[in-house]
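Data first, discussion second: the structure below is written as structure tokens.
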Amino acid sequence: MCTVCGCSSGNLKIDGQAKDHMLDQPHDHSHDHSHSHEHGHDHHDHEHSHGHSDDHDHDHDHSDEHTHDYGQGPAHAHAPGLSQARMVQIEKNILSKNDEYASTNRAFFNERGILALNLVSSPGSGKTTTLCRTITELQDKHVCSVIEGDQQTANDADRIRETGAKAIQVNTGKGCHLDGHMVGHALGSLNPTEGSFVFIENVGNLVCPASFDLGEAHKVVILSVTEGEDKPLKYPDMFHAADLMLLNKVDLLPHLEFDVEKTIENARRVNPGIKVLQISSTTGEGYGDWINWLEATLALATTGHNFKNTAEKQTDVEMTAVAE
Amino acid sequence: MHEMSLCEGILQILENESEQKNFKKVKKVALEVGPFSGVEVDALKFSFDVVMKGSLAEGSELIIIDMPATAWCMQCAETVTIKQRYDDCPSCGSAQIQVTAGEELSIKELEVD
């Protein structure tokens, strides 16, 4: 966003038209205009009709021939707009607090040889159905537990528990994503066993969860074929953050006009390294590859760990009872 | 979408820094924001004023420093400036580019009393 006139650039689009702001000019804003406040705004090469009524709070001192040289003060300000007075250099990432919690979670997983996966998608792409089937297929050989994130209700955790796996529901309330702190708390109650799978089902949202590290080994993004081929382009941050994309509901392909190749191409555009598996969580199609990926990735997570009595630990009494 | 909680994160950082660096009032906050940070700056500015109310940074000015997004083009073998993650290389048109910067979301510096 332009700090001088307040117009947005890049992120905000109105009806598909970027409020393009010539980002290649790194906003030097020399402001050699004569302050007749007509604001020609020749840096806007777009057409919009709102006539720029943005409040221009030009309350700065105009005695300096309008050169706006922010570097003149004795304290030598680095950022435009900051000057003279006492400066404090911080260079601190705003998400650093979340990153600290995420690191603690990651250390927790590493110490116990646990594979933690953060499952992200839009609502309705089949995250919970995929999880239920996945757990059912893994259960004979592995222990799985689940942290369920939803804004409200414990419905999903109940569905997971029906498979026999342990599940904790986290309701984010007004929140649009899980954060490192919530997951840390959930891990305290979940107490997952060594060498097991922990699936974190994030809130159905392709925007915010991309920015919040939970301490997982991989983000896995689920996209269903009933959504659009251009989802990876519409929500590039998420597809960039994920290491694996599950293209779900492929059993419906015969009934849809959905271009699988195009979708994969779009995903690779935002993330050249992304792996793609085509699955159907209803029919089990493609689950061979998905389970192979899970087991291979778990093998990496457990490498170097020497679990004693793993077998005993993994046979959680309560869970066997439910499974029977 | 989560701009409000980001501002709460900013306030936490300000409070911690005020103890460490011994200041009582924050007058300006300079923030580096990359185009891929997932933040809508208008929403951030709005939340900022609301969250800072009653704190050491009440009424402070939020200054946004737009950071450029860059990528490494494998064909050109050099760093290029892009606008979207899915952009092709602006010089050669190749799609083989990897984003190298643009996710910045950090407090760069403060003006304090």
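Naming scheme: A, B, ... for chains in displayed order of the structure tokens; residues 1 onward per chain; ligands 1 onward as shown.
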
Residues of chain B that have any atom at most 8 Å from an atom of chain A: could you tabulate them with the shortest-distance atom pair and the distance in Å to one decimal, using only C-alpha atoms, ordered by chain and increasing number, as JSON lines?
```
{"residue": "B:Met1", "atom": "CA", "partner": "A:Cys208", "partner_atom": "CA", "distance": 7.0}
{"residue": "B:His2", "atom": "CA", "partner": "A:Cys176", "partner_atom": "CA", "distance": 6.9}
{"residue": "B:Leu6", "atom": "CA", "partner": "A:Ile94", "partner_atom": "CA", "distance": 6.8}
{"residue": "B:Gly9", "atom": "CA", "partner": "A:Ile94", "partner_atom": "CA", "distance": 6.0}
{"residue": "B:Ile10", "atom": "CA", "partner": "A:Ile94", "partner_atom": "CA", "distance": 5.9}
{"residue": "B:Ile13", "atom": "CA", "partner": "A:Ile94", "partner_atom": "CA", "distance": 7.7}
{"residue": "B:Lys28", "atom": "CA", "partner": "A:Leu82", "partner_atom": "CA", "distance": 7.0}
{"residue": "B:Ala30", "atom": "CA", "partner": "A:Ala79", "partner_atom": "CA", "distance": 6.7}
{"residue": "B:Pro35", "atom": "CA", "partner": "A:Gly10", "partner_atom": "CA", "distance": 6.5}
{"residue": "B:Phe36", "atom": "CA", "partner": "A:Asp237", "partner_atom": "CA", "distance": 6.9}
{"residue": "B:Ser37", "atom": "CA", "partner": "A:Ser211", "partner_atom": "CA", "distance": 7.5}
{"residue": "B:Gly38", "atom": "CA", "partner": "A:Ser211", "partner_atom": "CA", "distance": 7.1}
{"residue": "B:Val39", "atom": "CA", "partner": "A:Asn11", "partner_atom": "CA", "distance": 7.9}
{"residue": "B:Glu40", "atom": "CA", "partner": "A:Asn11", "partner_atom": "CA", "distance": 6.5}
{"residue": "B:Val41", "atom": "CA", "partner": "A:Met1", "partner_atom": "CA", "distance": 6.3}
{"residue": "B:Asp42", "atom": "CA", "partner": "A:Ser8", "partner_atom": "CA", "distance": 7.5}
{"residue": "B:Ile63", "atom": "CA", "partner": "A:Thr3", "partner_atom": "CA", "distance": 6.7}
{"residue": "B:Ile64", "atom": "CA", "partner": "A:Thr3", "partner_atom": "CA", "distance": 6.1}
{"residue": "B:Ile65", "atom": "CA", "partner": "A:Ala79", "partner_atom": "CA", "distance": 7.4}
{"residue": "B:Asp66", "atom": "CA", "partner": "A:Met1", "partner_atom": "CA", "distance": 6.8}
{"residue": "B:Met67", "atom": "CA", "partner": "A:Pro26", "partner_atom": "CA", "distance": 7.9}
{"residue": "B:Pro68", "atom": "CA", "partner": "A:Leu23", "partner_atom": "CA", "distance": 7.1}
{"residue": "B:Thr81", "atom": "CA", "partner": "A:Asp24", "partner_atom": "CA", "distance": 7.1}
{"residue": "B:Lys83", "atom": "CA", "partner": "A:Gly10", "partner_atom": "CA", "distance": 7.1}
{"residue": "B:Arg85", "atom": "CA", "partner": "A:Val270", "partner_atom": "CA", "distance": 5.5}
{"residue": "B:Tyr86", "atom": "CA", "partner": "A:Val270", "partner_atom": "CA", "distance": 4.9}
{"residue": "B:Ala95", "atom": "CA", "partner": "A:Arg269", "partner_atom": "CA", "distance": 6.9}
{"residue": "B:Gln96", "atom": "CA", "partner": "A:Pro272", "partner_atom": "CA", "distance": 7.8}
{"residue": "B:Gln98", "atom": "CA", "partner": "A:Pro272", "partner_atom": "CA", "distance": 7.7}
{"residue": "B:Glu104", "atom": "CA", "partner": "A:Asn93", "partner_atom": "CA", "distance": 7.9}
{"residue": "B:Leu105", "atom": "CA", "partner": "A:Asn93", "partner_atom": "CA", "distance": 5.9}
{"residue": "B:Ser106", "atom": "CA", "partner": "A:Asn93", "partner_atom": "CA", "distance": 3.9}
{"residue": "B:Ile107", "atom": "CA", "partner": "A:Lys92", "partner_atom": "CA", "distance": 5.2}
{"residue": "B:Lys108", "atom": "CA", "partner": "A:Glu91", "partner_atom": "CA", "distance": 4.4}
{"residue": "B:Glu109", "atom": "CA", "partner": "A:Gln89", "partner_atom": "CA", "distance": 4.4}
{"residue": "B:Leu110", "atom": "CA", "partner": "A:Val88", "partner_atom": "CA", "distance": 5.0}
{"residue": "B:Glu111", "atom": "CA", "partner": "A:Met87", "partner_atom": "CA", "distance": 4.7}
{"residue": "B:Val112", "atom": "CA", "partner": "A:Arg86", "partner_atom": "CA", "distance": 5.5}
{"residue": "B:Asp113", "atom": "CA", "partner": "A:Arg86", "partner_atom": "CA", "distance": 6.5}
```

>> What parts of stretch 139-252 of chain A does DSSP call helix (DSSP H, G or I)? I'd like the answer as a ChimeraX atom specification.
In response: /A:155-162,180-190,208-210,231-234,236-241,250-252

>> For a quick check of understanding, using only C-alpha atoms, which of A:Asn171, A:Lys166, A:Met182, A:Phe307 has the smallest distance to A:Ala154?
In response: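 Checking each candidate against A:Ala154, we get A:Asn171 as the closest.
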
>> Let's see if you can do this: from backbone DSSP, list all strand (DSSP E or B) residues in stretch 90-255 of chain A, as an NGL selection string.
In response: :A and (90-93 or 115-121 or 144-150 or 166-171 or 197-201 or 218-224 or 244-248)

>> Residues within 8 Å of B:Glu58, please, as an MDAnalysis selection string. Count only C-alpha atoms; anything in the same chain fewer than 4 positions from it doesn't count.
In response: chainID B and resid 26 49 52:54

> Mind pulling up the distance from atom CA of A:Gln278 to atom CA of A:Asp150?
Replying inline: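 Atom CA of A:Asp150 sits 25.3 Å away from atom CA of A:Gln278.
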
Could you produce a table of the residues of stretch 154-185 of chain A lying within 10 Å of stretch 122-133 of chain A, with the nearest pair of atoms per residue and their separation in Å rounded to one decimal, using only C-alpha atoms, ordered by chain and increasing residue number, as a tab-separated table?
```
residue	atom	partner	partner_atom	distance
A:Asp156	CA	A:Thr128	CA	6.7
A:Ala157	CA	A:Thr128	CA	8.9
A:Arg159	CA	A:Cys132	CA	7.5
A:Ile160	CA	A:Cys132	CA	5.9
A:Arg161	CA	A:Cys132	CA	8.9
A:Glu162	CA	A:Cys132	CA	8.5
A:Thr163	CA	A:Cys132	CA	6.4
A:Gly164	CA	A:Cys132	CA	9.6
A:Ala165	CA	A:Cys132	CA	9.0
```

Write the residues of the selection above to a file with C-alpha atoms, as a compact mmCIF listing (two decimals), in the first residue's frame.
```txt
# COMPACT_ATOMS: atom_id res chain seq x y z
CA ASP A 156 -15.32 -33.63 13.18
CA ALA A 157 -13.56 -34.91 16.28
CA ARG A 159 -16.22 -38.57 13.31
CA ILE A 160 -12.53 -39.22 13.85
CA ARG A 161 -13.12 -40.95 17.19
CA GLU A 162 -15.47 -43.35 15.44
CA THR A 163 -12.42 -44.74 13.62
CA GLY A 164 -10.87 -45.51 17.00
CA ALA A 165 -8.19 -42.84 16.84
```

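Shortest atom-to-atom contact with B:Pro90 among B:Leu62, B:Cys73, B:Val29, B:Leu44: B:Cys73, counting only C-alpha atoms.
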